[in-house]
Structure formats: C-alpha cells, structure tokens
$ cat query.txt   # compact mmCIF, C-alpha atoms
# COMPACT_ATOMS: atom_id res chain seq x y z
CA MET A 1185 24.10 24.04 11.92
CA THR A 1186 26.29 23.79 15.07
CA GLN A 1187 25.72 20.10 15.72
CA ILE A 1188 25.63 17.39 13.06
CA ARG A 1189 23.65 14.14 13.10
CA ASN A 1190 26.28 11.93 14.89
CA GLU A 1191 27.44 14.45 17.50
CA PRO A 1192 26.74 13.38 21.09
CA GLY A 1193 25.26 16.82 21.74
CA THR A 1194 21.94 15.79 20.19
CA ALA A 1195 21.70 12.63 22.29
CA GLU A 1196 22.76 14.51 25.41
CA LEU A 1197 20.20 17.25 24.82
CA LEU A 1198 17.50 14.64 24.32
CA ALA A 1199 18.53 13.01 27.59
CA LEU A 1200 18.24 16.40 29.35
CA LEU A 1201 14.72 16.88 28.00
CA ARG A 1202 13.73 13.42 29.16
CA ASP A 1203 15.12 13.92 32.69
CA PRO A 1204 12.10 14.92 34.83
CA SER A 1205 14.41 16.16 37.62
CA LEU A 1206 15.73 19.00 35.46
CA LYS A 1207 13.74 22.20 35.17
CA PRO A 1208 13.57 24.09 31.84
CA GLU A 1209 15.78 26.77 33.40
CA SER A 1210 18.50 24.18 34.00
CA ILE A 1211 18.36 22.96 30.41
CA ALA A 1212 18.64 26.52 29.10
CA GLU A 1213 21.62 27.10 31.43
CA GLU A 1214 23.35 23.92 30.19
CA MET A 1215 23.06 25.12 26.60
CA ARG A 1216 24.34 28.57 27.52
CA CYS A 1217 27.34 27.13 29.39
CA ALA A 1218 28.14 24.91 26.41
CA GLU A 1219 28.31 28.10 24.35
CA SER A 1220 25.73 26.84 21.92
CA ALA A 1221 25.44 28.90 18.76
CA GLN A 1222 21.67 28.81 19.24
CA PRO A 1223 20.91 28.97 22.96
CA CYS A 1224 17.33 28.65 24.14
CA THR A 1225 15.14 30.30 26.72
CA PRO A 1226 13.51 28.38 29.59
CA GLU A 1227 10.18 28.82 27.79
CA GLN A 1228 11.55 27.18 24.64
CA ALA A 1229 13.03 24.33 26.67
CA GLY A 1230 9.65 23.86 28.35
CA LYS A 1231 7.91 23.83 24.98
CA ALA A 1232 10.39 21.23 23.68
CA ARG A 1233 9.70 19.03 26.68
CA GLU A 1234 5.94 19.37 26.06
CA LEU A 1235 6.38 18.33 22.42
CA LEU A 1236 8.57 15.43 23.47
CA GLY A 1237 5.75 14.31 25.75
CA ARG A 1238 3.33 14.41 22.79
CA ILE A 1239 5.71 12.30 20.70
CA GLY A 1240 6.00 9.86 23.61
CA ALA A 1241 2.22 9.73 23.93
CA GLU A 1242 2.10 8.63 20.27
CA ASP A 1243 4.50 5.78 21.03
CA ALA A 1244 2.43 4.68 24.02
CA ALA A 1245 -0.82 4.78 22.01
CA ALA A 1246 0.66 2.70 19.20
CA GLY A 1247 2.03 0.22 21.73
CA VAL A 1248 -1.43 -0.62 23.07
CA GLY A 1249 -3.11 -0.69 19.65
CA LEU A 1250 -4.79 2.75 19.77
CA GLU A 1251 -5.14 4.92 16.70
CA PRO A 1252 -2.43 7.59 16.39
CA GLN A 1253 -3.14 11.26 15.88
CA GLY A 1254 -4.63 12.39 12.61
CA ALA A 1255 -2.82 14.29 9.86
CA THR A 1256 -4.00 17.64 11.26
CA ALA A 1257 -2.44 16.94 14.66
CA PHE A 1258 0.84 15.82 13.06
CA ALA A 1259 0.96 18.98 10.96
CA GLN A 1260 0.49 21.18 14.03
CA LEU A 1261 3.14 19.25 15.96
CA ALA A 1262 5.57 19.66 13.05
CA ARG A 1263 4.93 23.41 12.91
CA ASP A 1264 5.44 23.78 16.68
CA LEU A 1265 8.68 21.80 16.52
CA SER A 1266 9.93 23.87 13.56
CA ALA A 1267 9.57 27.07 15.60
CA LEU A 1268 12.12 25.90 18.21
CA PRO A 1269 15.86 26.64 18.12
CA GLU A 1270 17.65 24.21 15.85
CA PRO A 1271 19.37 22.07 18.58
CA LEU A 1272 16.05 21.45 20.37
CA ALA A 1273 14.25 20.74 17.08
CA VAL A 1274 16.92 18.25 15.98
CA ALA A 1275 16.72 16.48 19.34
CA LEU A 1276 12.97 16.06 18.90
CA VAL A 1277 13.51 14.78 15.35
CA ARG A 1278 15.81 12.14 16.86
CA ALA A 1279 13.05 11.18 19.31
CA ALA A 1280 10.53 10.89 16.47
CA GLY A 1281 12.94 8.63 14.59
CA GLU A 1282 13.46 6.40 17.63
CA GLY A 1283 9.69 6.09 17.93
CA HIS A 1284 9.27 5.24 14.21
CA ARG A 1285 6.94 8.24 13.77
CA SER A 1286 7.29 8.37 9.98
CA GLN A 1287 4.19 10.50 9.40
CA LEU A 1288 5.46 13.16 11.81
CA LEU A 1289 8.94 13.04 10.26
CA ALA A 1290 7.42 13.50 6.79
CA GLU A 1291 5.52 16.55 8.01
CA ILE A 1292 8.67 17.99 9.60
CA ALA A 1293 10.61 17.40 6.39
CA ALA A 1294 7.95 19.33 4.50
CA VAL A 1295 7.58 22.39 6.76
CA ALA A 1296 10.73 22.79 8.90
CA PRO A 1297 13.77 24.98 8.17
CA LYS A 1298 16.31 23.40 5.84
CA ALA A 1299 18.69 21.97 8.47
CA VAL A 1300 15.90 20.44 10.57
CA ALA A 1301 14.10 19.13 7.47
CA LYS A 1302 17.34 17.47 6.37
CA GLU A 1303 17.62 15.68 9.73
CA ALA A 1304 14.02 14.49 9.40
CA LYS A 1305 14.78 13.04 5.95
CA ARG A 1306 17.83 11.27 7.36
CA GLU A 1307 15.68 9.70 10.06
CA LEU A 1308 13.18 8.55 7.40
CA GLN A 1309 16.01 7.03 5.38
CA ARG A 1310 17.30 5.21 8.47
CA LEU A 1311 13.80 3.78 9.08
CA LYS A 1312 13.62 2.59 5.46
CA GLN A 1313 16.94 0.80 5.88
CA LYS A 1314 15.47 -0.98 8.90
CA GLY A 1315 12.59 -2.20 6.76
CA VAL A 1316 10.03 0.17 8.28
CA GLN A 1317 7.32 1.42 5.92
CA VAL A 1318 7.59 5.20 5.98
CA GLN A 1319 5.38 8.11 4.98
CA GLU A 1320 6.52 9.79 1.77
CA VAL A 1321 7.61 13.42 2.04
CA ARG A 1322 5.20 15.69 0.22
CA PRO A 1323 6.88 18.08 -2.22
CA GLN A 1324 7.59 21.66 -1.18
CA GLY A 1325 7.06 24.75 -3.28
CA GLU A 1326 5.17 25.10 -6.53
CA ALA A 1327 4.57 22.00 -8.60
CA VAL A 1328 6.69 21.63 -11.71
CA MET A 1329 3.61 20.49 -13.65
CA LYS A 1330 1.01 23.11 -12.90
CA PRO A 1331 -2.59 21.92 -12.80
CA VAL A 1332 -4.63 22.55 -15.90
CA PRO A 1333 -6.61 25.79 -15.53
CA GLU A 1334 -10.30 25.22 -14.83
CA ALA A 1335 -11.23 26.76 -18.19
CA GLU A 1336 -9.19 24.06 -19.96
CA ALA A 1337 -10.47 21.14 -17.87
CA PRO A 1338 -12.18 18.52 -20.06
CA PRO A 1339 -15.98 18.37 -19.80
CA CYS A 1340 -17.89 15.60 -18.03
CA LEU A 1341 -20.97 14.38 -19.86
CA VAL A 1342 -24.07 12.23 -19.58
CA SER A 1343 -26.36 10.72 -22.16
CA SER A 1344 -30.13 10.90 -22.20
CA ILE A 1345 -31.99 8.15 -20.31
CA ASP A 1346 -33.55 5.25 -22.19
CA ALA A 1347 -36.75 3.30 -21.52
CA TYR A 1348 -35.03 1.10 -18.93
CA GLY A 1349 -33.49 3.90 -16.86
CA GLU A 1350 -30.04 3.36 -18.35
CA ARG A 1351 -27.59 6.01 -19.49
CA ALA A 1352 -23.88 6.61 -20.11
CA VAL A 1353 -21.68 8.83 -17.93
CA TRP A 1354 -18.29 10.18 -18.92
CA TRP A 1355 -16.21 11.42 -15.96
CA THR A 1356 -12.99 13.15 -16.99
CA ARG A 1357 -9.92 14.82 -15.57
CA PRO A 1358 -6.84 16.40 -17.13
CA ALA A 1359 -3.71 14.25 -17.24
CA LYS A 1360 -0.15 14.75 -18.37
CA GLY A 1361 -0.36 15.09 -22.12
CA GLY A 1362 -4.05 14.28 -22.37
CA VAL A 1363 -7.26 13.32 -20.60
CA GLU A 1364 -8.24 10.46 -18.31
CA VAL A 1365 -11.78 9.24 -18.94
CA VAL A 1366 -13.97 6.89 -16.94
CA GLN A 1367 -16.93 5.85 -19.07
CA ALA A 1368 -19.74 4.01 -17.36
CA VAL A 1369 -23.12 2.62 -18.32
CA ILE A 1370 -25.40 2.92 -15.31
CA SER A 1371 -28.94 1.93 -14.43
CA ASP A 1372 -31.16 3.37 -11.71
CA VAL A 1373 -32.24 -0.22 -10.94
CA LYS A 1374 -29.27 -2.52 -11.70
CA GLY A 1375 -26.46 -0.10 -10.82
CA VAL A 1376 -23.17 -0.02 -12.75
CA LEU A 1377 -23.60 -2.22 -15.83
CA ALA A 1378 -20.24 -1.53 -17.48
CA ILE A 1379 -17.27 0.71 -16.70
CA ASP A 1380 -13.87 1.39 -18.19
CA ALA A 1381 -11.00 3.78 -17.43
CA LEU A 1382 -8.78 4.97 -20.26
CA SER A 1383 -6.32 7.72 -21.17
CA MET A 1384 -6.22 9.54 -24.48
CA PRO A 1385 -4.43 12.52 -26.01
CA ARG A 1386 -6.42 15.73 -26.10
CA ARG A 1387 -6.81 15.53 -29.85
CA SER A 1388 -8.29 12.05 -29.58
CA PHE A 1389 -10.56 13.27 -26.79
CA ARG A 1390 -11.84 16.11 -28.99
CA ASP A 1391 -12.55 13.59 -31.76
CA PHE A 1392 -14.32 11.42 -29.20
CA LEU A 1393 -16.54 14.35 -28.17
CA ARG A 1394 -17.45 15.05 -31.79
CA ARG A 1395 -18.59 11.45 -32.24
CA LEU A 1396 -20.98 11.50 -29.27
CA PRO A 1397 -24.66 11.42 -30.29
CA LYS A 1398 -26.51 14.71 -30.55
CA GLY A 1399 -30.21 15.13 -31.23
CA GLY A 1400 -32.56 12.36 -32.25
CA MET A 1401 -33.48 9.57 -29.85
CA VAL A 1402 -30.17 9.74 -27.96
CA THR A 1403 -28.20 12.84 -27.03
CA THR A 1404 -25.60 14.04 -24.53
CA ALA A 1405 -25.26 16.95 -22.12
CA GLU A 1406 -22.45 18.38 -20.03
CA VAL A 1407 -22.64 18.13 -16.21
CA PRO A 1408 -20.39 19.29 -13.35
CA LYS A 1409 -17.52 16.94 -12.55
CA GLU A 1410 -18.68 16.21 -8.99
CA TYR A 1411 -22.18 15.44 -10.25
CA ALA A 1412 -20.86 12.93 -12.79
CA ARG A 1413 -18.93 11.27 -9.95
CA HIS A 1414 -22.07 11.25 -7.79
CA LEU A 1415 -24.13 9.56 -10.53
CA ILE A 1416 -21.69 6.64 -10.72
CA ALA A 1417 -21.56 6.27 -6.93
CA ALA A 1418 -25.35 6.52 -6.56
CA ALA A 1419 -25.88 3.89 -9.26
CA GLU A 1420 -23.47 1.50 -7.56
CA GLU A 1421 -25.27 1.95 -4.21
CA GLU A 1422 -28.70 1.44 -5.76
CA GLY A 1423 -27.56 -1.63 -7.67
CA VAL A 1424 -26.09 -3.25 -4.56
CA ARG A 1425 -29.29 -2.42 -2.67
CA ASN A 1426 -31.24 -4.27 -5.37
CA GLY A 1427 -28.89 -7.26 -5.37
CA PHE A 1428 -26.66 -6.36 -8.35
CA SER A 1429 -22.87 -6.16 -8.07
CA PRO A 1430 -20.75 -3.84 -10.23
CA PRO A 1431 -18.39 -5.44 -12.79
CA PRO A 1432 -14.79 -6.29 -11.74
CA ALA A 1433 -13.46 -3.26 -13.66
CA TYR A 1434 -15.24 -1.00 -11.16
CA LEU A 1435 -12.46 -1.41 -8.59
CA GLU A 1436 -9.84 -0.33 -11.11
CA ALA A 1437 -11.97 2.66 -12.13
CA LEU A 1438 -12.24 3.73 -8.49
CA ARG A 1439 -8.48 4.33 -8.42
CA VAL A 1440 -9.01 7.00 -11.07
CA LEU A 1441 -12.34 8.34 -9.82
CA GLY A 1442 -11.31 8.83 -6.21
CA PRO A 1443 -13.94 9.37 -3.49
CA ALA A 1444 -17.49 10.46 -4.29
CA PRO A 1445 -18.86 13.73 -2.87
CA VAL A 1446 -19.87 13.34 0.79
CA ALA A 1447 -23.07 15.36 0.28
CA PRO A 1448 -24.97 14.47 -2.92
CA PRO A 1449 -24.90 17.52 -5.23
CA PRO A 1450 -28.25 18.65 -6.67
CA SER A 1451 -29.23 17.63 -10.17
CA PRO A 1452 -28.56 20.39 -12.72
CA GLY A 1453 -32.16 19.93 -13.87
CA GLU A 1454 -33.46 21.30 -10.58
CA SER A 1455 -32.04 24.74 -11.37
CA LEU A 1456 -34.26 25.11 -14.43
CA ASP A 1457 -36.53 28.15 -14.22
CA LEU A 1458 -40.16 27.02 -13.93
CA PRO A 1459 -42.67 29.82 -13.22
CA PRO A 1460 -45.06 28.69 -10.44
CA ASP A 1461 -48.12 29.84 -12.39
CA GLU A 1462 -47.17 27.50 -15.26
CA GLU A 1463 -46.36 24.38 -13.27
CA ALA A 1464 -49.86 22.84 -13.00
CA ALA A 1465 -50.67 23.27 -16.70
CA ARG A 1466 -47.31 21.89 -17.76
CA ALA A 1467 -47.69 18.89 -15.46
CA GLU A 1468 -51.09 18.12 -16.92
CA ALA A 1469 -49.57 18.22 -20.41
CA GLY A 1470 -47.01 15.58 -19.45
CA GLY A 1471 -48.38 13.08 -21.96
CA SER A 1472 -47.14 15.32 -24.77
CA LEU A 1473 -43.54 14.38 -23.91
CA TYR A 1474 -43.95 11.06 -25.72
CA ALA A 1475 -44.07 12.94 -29.00
CA ASP A 1476 -40.47 14.00 -28.37
CA PRO A 1477 -37.79 11.72 -29.89
CA LEU A 1478 -36.04 11.42 -26.50
CA PHE A 1479 -39.18 9.84 -24.97
CA ALA A 1480 -40.45 7.97 -28.03
CA ALA A 1481 -38.96 4.65 -26.89
CA TRP A 1482 -40.12 4.93 -23.26
CA ILE A 1483 -42.42 2.00 -22.42
CA PRO A 1484 -43.41 0.13 -19.24
CA GLU A 1485 -41.23 -2.67 -17.90
CA GLU A 1486 -41.50 -5.98 -19.72
CA GLU A 1487 -43.75 -7.89 -17.32
CA GLU A 1488 -46.30 -5.08 -17.04
CA LEU A 1489 -46.15 -4.39 -20.76
CA ARG A 1490 -46.85 -8.06 -21.52
CA ALA A 1491 -49.82 -8.05 -19.13
CA PHE A 1492 -51.14 -4.87 -20.75
CA ALA A 1493 -50.77 -6.34 -24.25
CA LEU A 1494 -52.68 -9.45 -23.11
CA ARG A 1495 -55.47 -7.25 -21.80
CA LEU A 1496 -55.63 -5.42 -25.13
CA ASP A 1497 -55.88 -8.74 -26.96
CA GLU A 1498 -58.75 -9.77 -24.71
CA ILE A 1499 -60.60 -6.54 -25.48
CA ALA A 1500 -59.88 -6.89 -29.21
CA VAL A 1501 -61.62 -10.29 -29.45
CA SER A 1502 -64.29 -9.73 -26.82
CA GLN A 1503 -67.95 -9.94 -27.86
CA LEU A 1504 -68.94 -7.57 -25.05
CA TYR A 1505 -68.31 -4.48 -27.16
CA LEU A 1506 -70.75 -3.55 -29.90
CA ASP A 1507 -68.31 -1.80 -32.22
CA ASP A 1508 -64.71 -0.73 -32.68
CA GLU A 1509 -65.28 2.60 -30.92
CA GLN A 1510 -66.36 0.85 -27.71
CA LYS A 1511 -63.31 -1.40 -27.92
CA ARG A 1512 -61.12 1.64 -28.43
CA GLN A 1513 -62.56 3.34 -25.34
CA ALA A 1514 -62.11 0.13 -23.34
CA MET A 1515 -58.46 -0.01 -24.38
CA TYR A 1516 -57.83 3.57 -23.23
CA GLN A 1517 -59.51 2.76 -19.90
CA ALA A 1518 -57.25 -0.31 -19.64
CA ALA A 1519 -54.25 1.97 -20.18
CA GLU A 1520 -55.37 4.24 -17.35
CA ASP A 1521 -55.97 1.29 -15.02
CA ALA A 1522 -52.59 -0.21 -15.89
CA ALA A 1523 -50.85 3.12 -15.16
CA ALA A 1524 -52.55 3.39 -11.77
CA ALA A 1525 -51.29 -0.09 -10.82
CA TYR A 1526 -47.84 0.38 -12.37
CA PHE A 1527 -46.91 3.71 -10.80
CA THR A 1528 -46.37 2.73 -7.19
CA SER A 1529 -44.77 5.31 -4.91
CA ALA A 1530 -41.33 3.78 -5.55
CA ARG A 1531 -41.79 3.90 -9.34
CA ARG A 1532 -43.14 7.43 -9.21
CA ALA A 1533 -40.02 8.50 -7.33
CA ARG A 1534 -37.79 6.71 -9.86
CA TYR A 1535 -39.52 8.28 -12.86
CA ALA A 1536 -39.46 11.66 -11.14
CA ARG A 1537 -35.66 11.43 -10.86
CA ARG A 1538 -35.42 10.41 -14.51
CA LEU A 1539 -37.49 13.38 -15.60
CA VAL A 1540 -35.37 15.84 -13.63
CA GLU A 1541 -32.32 14.44 -15.42
CA MET A 1542 -34.08 14.68 -18.77
CA ALA A 1543 -35.05 18.29 -18.04
CA HIS A 1544 -31.35 19.12 -17.93
CA VAL A 1545 -30.67 17.18 -21.14
CA LEU A 1546 -33.47 19.04 -22.92
CA ARG A 1547 -32.21 22.39 -21.63
CA ALA A 1548 -28.73 21.53 -22.94
CA GLU A 1549 -30.36 21.20 -26.38
CA ARG A 1550 -31.98 24.64 -25.86
CA ARG A 1551 -35.46 23.10 -25.83
CA LEU A 1552 -36.82 24.87 -22.81
CA GLU A 1553 -40.53 24.13 -23.35
CA PRO A 1554 -40.30 20.33 -23.04
CA ALA A 1555 -37.60 20.80 -20.37
CA ARG A 1556 -40.01 22.76 -18.17
CA THR A 1557 -42.75 20.21 -18.83
CA ALA A 1558 -40.45 17.38 -17.74
CA LEU A 1559 -39.56 19.22 -14.54
CA ALA A 1560 -43.23 19.97 -13.77
CA VAL A 1561 -44.19 16.32 -14.29
CA SER A 1562 -41.33 15.17 -12.03
CA ARG A 1563 -42.85 17.17 -9.20
CA ALA A 1564 -46.41 16.05 -9.96
CA LEU A 1565 -45.45 12.37 -9.88
CA LEU A 1566 -44.35 12.67 -6.25
CA ARG A 1567 -47.86 13.63 -5.14
CA GLU A 1568 -50.33 10.98 -3.98
CA ASP A 1569 -52.37 11.29 -7.17
CA GLY A 1570 -49.25 11.17 -9.35
CA ALA A 1571 -50.31 7.89 -10.99
CA ARG A 1572 -53.26 9.72 -12.57
CA ASN A 1573 -51.00 12.27 -14.24
CA SER A 1574 -51.19 12.35 -18.03
CA PHE A 1575 -47.54 11.35 -18.23
CA ALA A 1576 -48.23 8.19 -16.20
CA ARG A 1577 -51.27 7.33 -18.34
CA GLY A 1578 -49.30 8.27 -21.41
CA LEU A 1579 -46.68 5.57 -20.81
CA PHE A 1580 -49.36 2.95 -21.57
CA VAL A 1581 -51.40 5.05 -24.01
CA HIS A 1582 -48.16 5.60 -25.92
CA ALA A 1583 -47.72 1.82 -26.20
CA LEU A 1584 -51.40 1.50 -27.17
CA GLU A 1585 -51.09 4.07 -29.95
CA GLN A 1586 -48.05 2.25 -31.28
CA ARG A 1587 -50.36 -0.79 -31.56
CA PHE A 1588 -52.93 1.30 -33.44
CA ALA A 1589 -50.20 2.55 -35.79
CA ARG A 1590 -49.10 -0.99 -36.56
CA ALA A 1591 -52.74 -1.93 -37.19
CA ARG A 1592 -53.06 0.84 -39.79
CA GLU A 1593 -49.96 -0.41 -41.60
CA ALA A 1594 -50.99 -4.12 -41.53
CA PRO A 1595 -53.10 -5.47 -44.44
CA PRO A 1596 -56.70 -6.23 -43.45
CA ALA A 1597 -57.52 -9.84 -42.54
CA ALA A 1598 -61.03 -11.21 -42.48
CA SER A 1599 -60.62 -13.01 -39.18
CA SER A 1600 -58.60 -10.32 -37.41
CA GLY A 1601 -59.93 -8.89 -34.16
CA LEU A 1602 -57.65 -5.83 -34.22
CA VAL A 1603 -59.28 -2.50 -33.58
CA ARG A 1604 -58.81 -0.18 -36.53
CA PRO A 1605 -59.10 3.43 -35.37
CA PRO A 1606 -60.48 5.93 -37.88
$ encode --input "query.txt" --output "structure tokens"
Amino acid sequence: MTQIRNEPGTAELLALLRDPSLKPESIAEEMRCAESAQPCTPEQAGKARELLGRIGAEDAAAGVGLEPQGATAFAQLARDLSALPEPLAVALVRAAGEGHRSQLLAEIAAVAPKAVAKEAKRELQRLKQKGVQVQEVRPQGEAVMKPVPEAEAPPCLVSSIDAYGERAVWWTRPAKGGVEVVQAVISDVKGVLAIDALSMPRRSFRDFLRRLPKGGMVTTAEVPKEYARHLIAAAEEEGVRNGFSPPPAYLEALRVLGPAPVAPPPSPGESLDLPPDEEAARAEAGGSLYADPLFAAWIPEEEELRAFALRLDEIAVSQLYLDDEQKRQAMYQAAEDAAAAYFTSARRARYARRLVEMAHVLRAERRLEPARTALAVSRALLREDGARNSFARGLFVHALEQRFARAREAPPAASSGLVRPP
C-alpha cells in the first residue's frame, strides 16, 4: 500500500473527489503527476466520484430520518468500491467513516482486498472508540465449525392429536456438541400452551427420542423442520386470534426458533396417496376410525358433551318409548342430531386439519388403511353435507357406545332407567 491511514494523500484525494469543479480527467492527472504507485483512469475517477455521491446520499437520508439502503445495496456498493484502485478505495473508506456508515464499512471489510479491508476495520474501530454502535464484520472464508451435514441433522417430531386438539411439537437444530430442542405443547384453539428451549448432548437426545411414546393411544412422527416451525407459529397466531396469549417463555424460545416460514408449508399428510376411486367409500367409513387407539379418546367438547348426556338421560327415563329398542334408536337419532348441530363450518374445518395431521401420523406407523380413511374424511368434512358424515356422527355415537359399555358392566338396579343393549 503506497499511502497509509494518516498520510495527507488520502484526505487530499478525498477533497479532489468532492470538488465539483474538477473533472475526472484532472483527478487522474493529479495522481499521475504525484507518481502514484496505483494511478487511475478518468473512468475510475468518475466511478469513485459516483460512489462518493451514493455515500453522501446515505448521510443526507439519515439526517432527515429516512431509512438507509438495505443490505443488498450496501453489498453492491462495497463490491463496486473494492474494484477501484487502492488510493481511491481508501479515500471512499475514509468518507464512509466520516459519515458513520458502519454497515457499509462492515461489508467493505468482508469483501475488499486486504489493504482496503484493513482500512475499513480501522474506521470501524475509530467509530467504536467514539461510542458509535457499529455493524459487526462477518467472517471471511470457510467456517471453522462446519455445519452438521443434513443427514446428521436431528429430527423434528410431533405427537398425535388428542381429543382437545392438543399435541406436542419438538423443533430441533444441531448445536456445538449437541442438539438444541424447543418443545412446545400447542392447541388449535388456545395456541401455545407451554414451551421450553433446552440444549442436550447428542447421547442424551438419542435417549430422549427412545423415550417418546410409540403406538397405543399416543404416538409420535417425524416432520420437516420448517413444518415443525410453522406449527408453532400457526398455533400462536390462532391462540391470539381466540384471545389466548402464549406463555412468557415463548419470547425466549423465539430466539432459538428464528423466523417462521413466510409461506405456510403443506402438511405432510396431504402427500399421502389416496386413489380417487376409493375416496368416497373411505370417507363414508369414517366412523370406523374410533376403533383405532389414536381416536379412542376423541369426544365432543365439554359443553356439547354435557348437553348430549342430558338428552340421553331424558330418553332413558322417558315414558314415550315402549321398550329398550325404541330408546336405543332414539339415542342414535339424538347422536346424529347433536353431530349436525356441533359440526359448524368452522368446526368441520378444524377437524379436517386434525385429520390431515393424523393421516401423516398413521402413515408414519405404516398403517396406510386408516391413514387414507382419515385423509378422505378430512376432505369430506369440508363439503356442505360434512356434518352428516359417519365420522361426524361417530363422534357422538362413540360417546353413546361408551355409555352402553358402562351399562353392561354396571350391576342391574331395579329402579334404573339405563338402556341395556342386547
């Protein structure tokens, strides 16, 4: 480098560039006469003056409270500056320092040739000493700690969905020496119910995975990382929309999670192969899902279930029915009527989303038959007659048959009005 940081040549060259009376040809001639080790052409002097004008425009914008250029514009400006001869580039670095353009200086320090980058770092250090908050210089070259290969990235998982639309989500990412995990309990009505961020060694994480439930009434399935992130964000939005705030730990978890996907990714369940000629028959068989352990606990919401139970009690003691068979038929009709009232368009949409999610969970367990049935029912529920689907009726019939099962197990009582099915 022919001129160091305190030489007057840099200040003089900057003054030449700022002098509107001088043409680029004159600046190039001045450098040639000074026997500069790196003379410039008139075109390069003109380019330097143009870049100086862009740096000055940044100063003017900041002075009147306008937003400065974005990161992309700074990166391009830094690349253009780096292509100039060193004396011109250093002069522009000085101008950026005088204008407190720390973001531009950080970009220059990251992309410019060594001598120019060093000057940019000196300017940043000078700004720090003045108490100015500066942009950190991003590292050059290959990272010392290479990112974990995709094949070794820890899995993200979800649990099955319970009767209340609640499930667990485990979002993960590799970390130095282990795995960072954000575990959340979410609801498609109340949003984020609980959330926690923690780090663990890989061995502990493998033990954690082995302890997750598999099979039975609760199970887990792997999902793409961006989809796990989307589920947490979507739950938070839905909860806020319904008047529920996430717990205080949510803000801390966001520092680990980072931003959610801009465009919501599709549910993995939607990719399940469902032959069109099977869809109608599978949808009609939706009531059979309640025989599966994953759906065995699904029941209506508490208020509607209580009203349905009251209606069953009324039928059980009513004198309008001649025998138990008539009461039994009346109870099944009550279940169908309750389903028609319960499954509003909003609830049908909510249960349709749940079933798409459960289709993926079932597929993860290699149970493709109920998985396809769940997907078919999810589509049927969205139609206008969705409340008459056997799955919708089955939610109440399922509760009714649980009542019949309890009646079989209970000892007979002379005054009891319970219906005892054959």
$ residues_around --input "query.txt" --residues "Gly1375 in chain A" --least-positions-apart "3" --cutoff "8 Å" --atoms "only C-alpha atoms" --output "PyMOL selection string"
chain A and resi 1370-1372+1418-1424+1428-1430
$ atom_distance --input "query.txt" --atom1 "CA of Arg1563 in chain A" --atom2 "CA of Gly1399 in chain A"
25.5 Å
$ closest_residue --input "query.txt" --among "A:Phe1492, A:Tyr1348, A:Phe1389, A:Tyr1434" --to "Ala1368 in chain A" --atoms "all atoms listed in the file"
A:Tyr1434
$ atom_distance --input "query.txt" --atom1 "CA of Ser1344 in chain A" --atom2 "CA of Asp1461 in chain A"
27.9 Å
$ atom_distance --input "query.txt" --atom1 "CA of Trp1355 in chain A" --atom2 "CA of Ala1533 in chain A"
25.5 Å
$ residues_around --input "query.txt" --residues "range 1573-1581 of chain A" --least-positions-apart "3" --cutoff "6 Å" --atoms "only C-alpha atoms" --output "PyMOL selection string"
chain A and resi 1468+1470-1471+1483+1519-1520+1523+1570+1584
$ closest_atom_pairs --input "query.txt" --of "range 1295-1391 of chain A" --to "range 1405-1413 of chain A" --cutoff "8 Å" --atoms "only C-alpha atoms" --output "tab-separated table"
residue	atom	partner	partner_atom	distance
A:Pro1339	CA	A:Glu1406	CA	6.5
A:Cys1340	CA	A:Lys1409	CA	5.7
A:Leu1341	CA	A:Glu1406	CA	4.3
A:Val1342	CA	A:Ala1405	CA	5.5
A:Ser1343	CA	A:Ala1405	CA	6.3
A:Ser1344	CA	A:Ala1405	CA	7.8
A:Val1353	CA	A:Ala1412	CA	6.6
A:Trp1354	CA	A:Ala1412	CA	7.2
A:Trp1355	CA	A:Ala1412	CA	5.8
A:Thr1356	CA	A:Lys1409	CA	7.4
$ closest_residue --input "query.txt" --among "A:Ala1555, A:Ser1451, A:Pro1297, A:Lys1314" --to "Glu1463 in chain A" --atoms "all atoms listed in the file"
A:Ala1555
$ closest_residue --input "query.txt" --among "A:Leu1496, A:Ile1211, A:Leu1441, A:Ala1229" --to "Arg1512 in chain A" --atoms "only C-alpha atoms"
A:Leu1496
$ closest_residue --input "query.txt" --among "A:Ala1437, A:Arg1495, A:Gln1287, A:Arg1425" --to "Gln1517 in chain A" --atoms "only C-alpha atoms"
A:Arg1495
$ residues_around --input "query.txt" --residues "range 1307-1310 of chain A" --least-positions-apart "4" --cutoff "7 Å" --atoms "all atoms listed in the file" --output "MDAnalysis selection string"
chainID A and resid 1281 1286 1289 1303 1314 1318
$ residues_near_point --input "query.txt" --point "(13.7, 12.3, 9.1)" --cutoff "12 Å" --atoms "only C-alpha atoms" --output "number ranges by chain"
A: 1189, 1262, 1273-1294, 1296, 1298-1312, 1318-1321
$ closest_residue --input "query.txt" --among "A:Pro1204, A:Gly1400, A:Pro1385, A:Gly1442" --to "Ala1481 in chain A" --atoms "all atoms listed in the file"
A:Gly1400
$ residues_around --input "query.txt" --residues "Val1369 in chain A" --least-positions-apart "6" --cutoff "8 Å" --atoms "all atoms listed in the file" --output "ChimeraX atom specification"
/A:1350-1353,1376-1379
$ closest_residue --input "query.txt" --among "A:Ser1562, A:Gln1513, A:Gln1222, A:Ser1388" --to "Gly1453 in chain A" --atoms "only C-alpha atoms"
A:Ser1562
$ decode --input "query.txt" --residues "range 1222-1230 of chain A" --atoms "N, CA, C and O atoms" --output "compact mmCIF listing (two decimals), in the first residue's frame"
# COMPACT_ATOMS: atom_id res chain seq x y z
N GLN A 1222 -0.30 3.43 -7.85
CA GLN A 1222 -1.52 2.88 -8.46
C GLN A 1222 -2.32 4.03 -9.07
O GLN A 1222 -3.32 4.46 -8.50
N PRO A 1223 -1.90 4.53 -10.22
CA PRO A 1223 -2.65 5.61 -10.86
C PRO A 1223 -4.01 5.12 -11.32
O PRO A 1223 -4.26 3.91 -11.39
N CYS A 1224 -4.89 6.04 -11.62
CA CYS A 1224 -6.23 5.67 -12.06
C CYS A 1224 -6.52 6.27 -13.42
O CYS A 1224 -5.85 7.20 -13.87
N THR A 1225 -7.54 5.75 -14.05
CA THR A 1225 -8.02 6.30 -15.32
C THR A 1225 -9.12 7.31 -15.02
O THR A 1225 -9.71 7.31 -13.93
N PRO A 1226 -9.43 8.19 -15.98
CA PRO A 1226 -10.56 9.11 -15.77
C PRO A 1226 -11.86 8.37 -15.47
O PRO A 1226 -12.69 8.85 -14.67
N GLU A 1227 -12.04 7.20 -16.10
CA GLU A 1227 -13.28 6.43 -15.84
C GLU A 1227 -13.34 5.97 -14.39
O GLU A 1227 -14.40 6.00 -13.75
N GLN A 1228 -12.19 5.53 -13.86
CA GLN A 1228 -12.17 5.08 -12.46
C GLN A 1228 -12.39 6.24 -11.51
O GLN A 1228 -13.07 6.11 -10.48
N ALA A 1229 -11.82 7.41 -11.84
CA ALA A 1229 -12.05 8.59 -11.01
C ALA A 1229 -13.51 8.99 -11.04
O ALA A 1229 -14.10 9.38 -10.02
N GLY A 1230 -14.14 8.88 -12.23
CA GLY A 1230 -15.57 9.19 -12.34
C GLY A 1230 -16.42 8.21 -11.54
O GLY A 1230 -17.40 8.61 -10.88
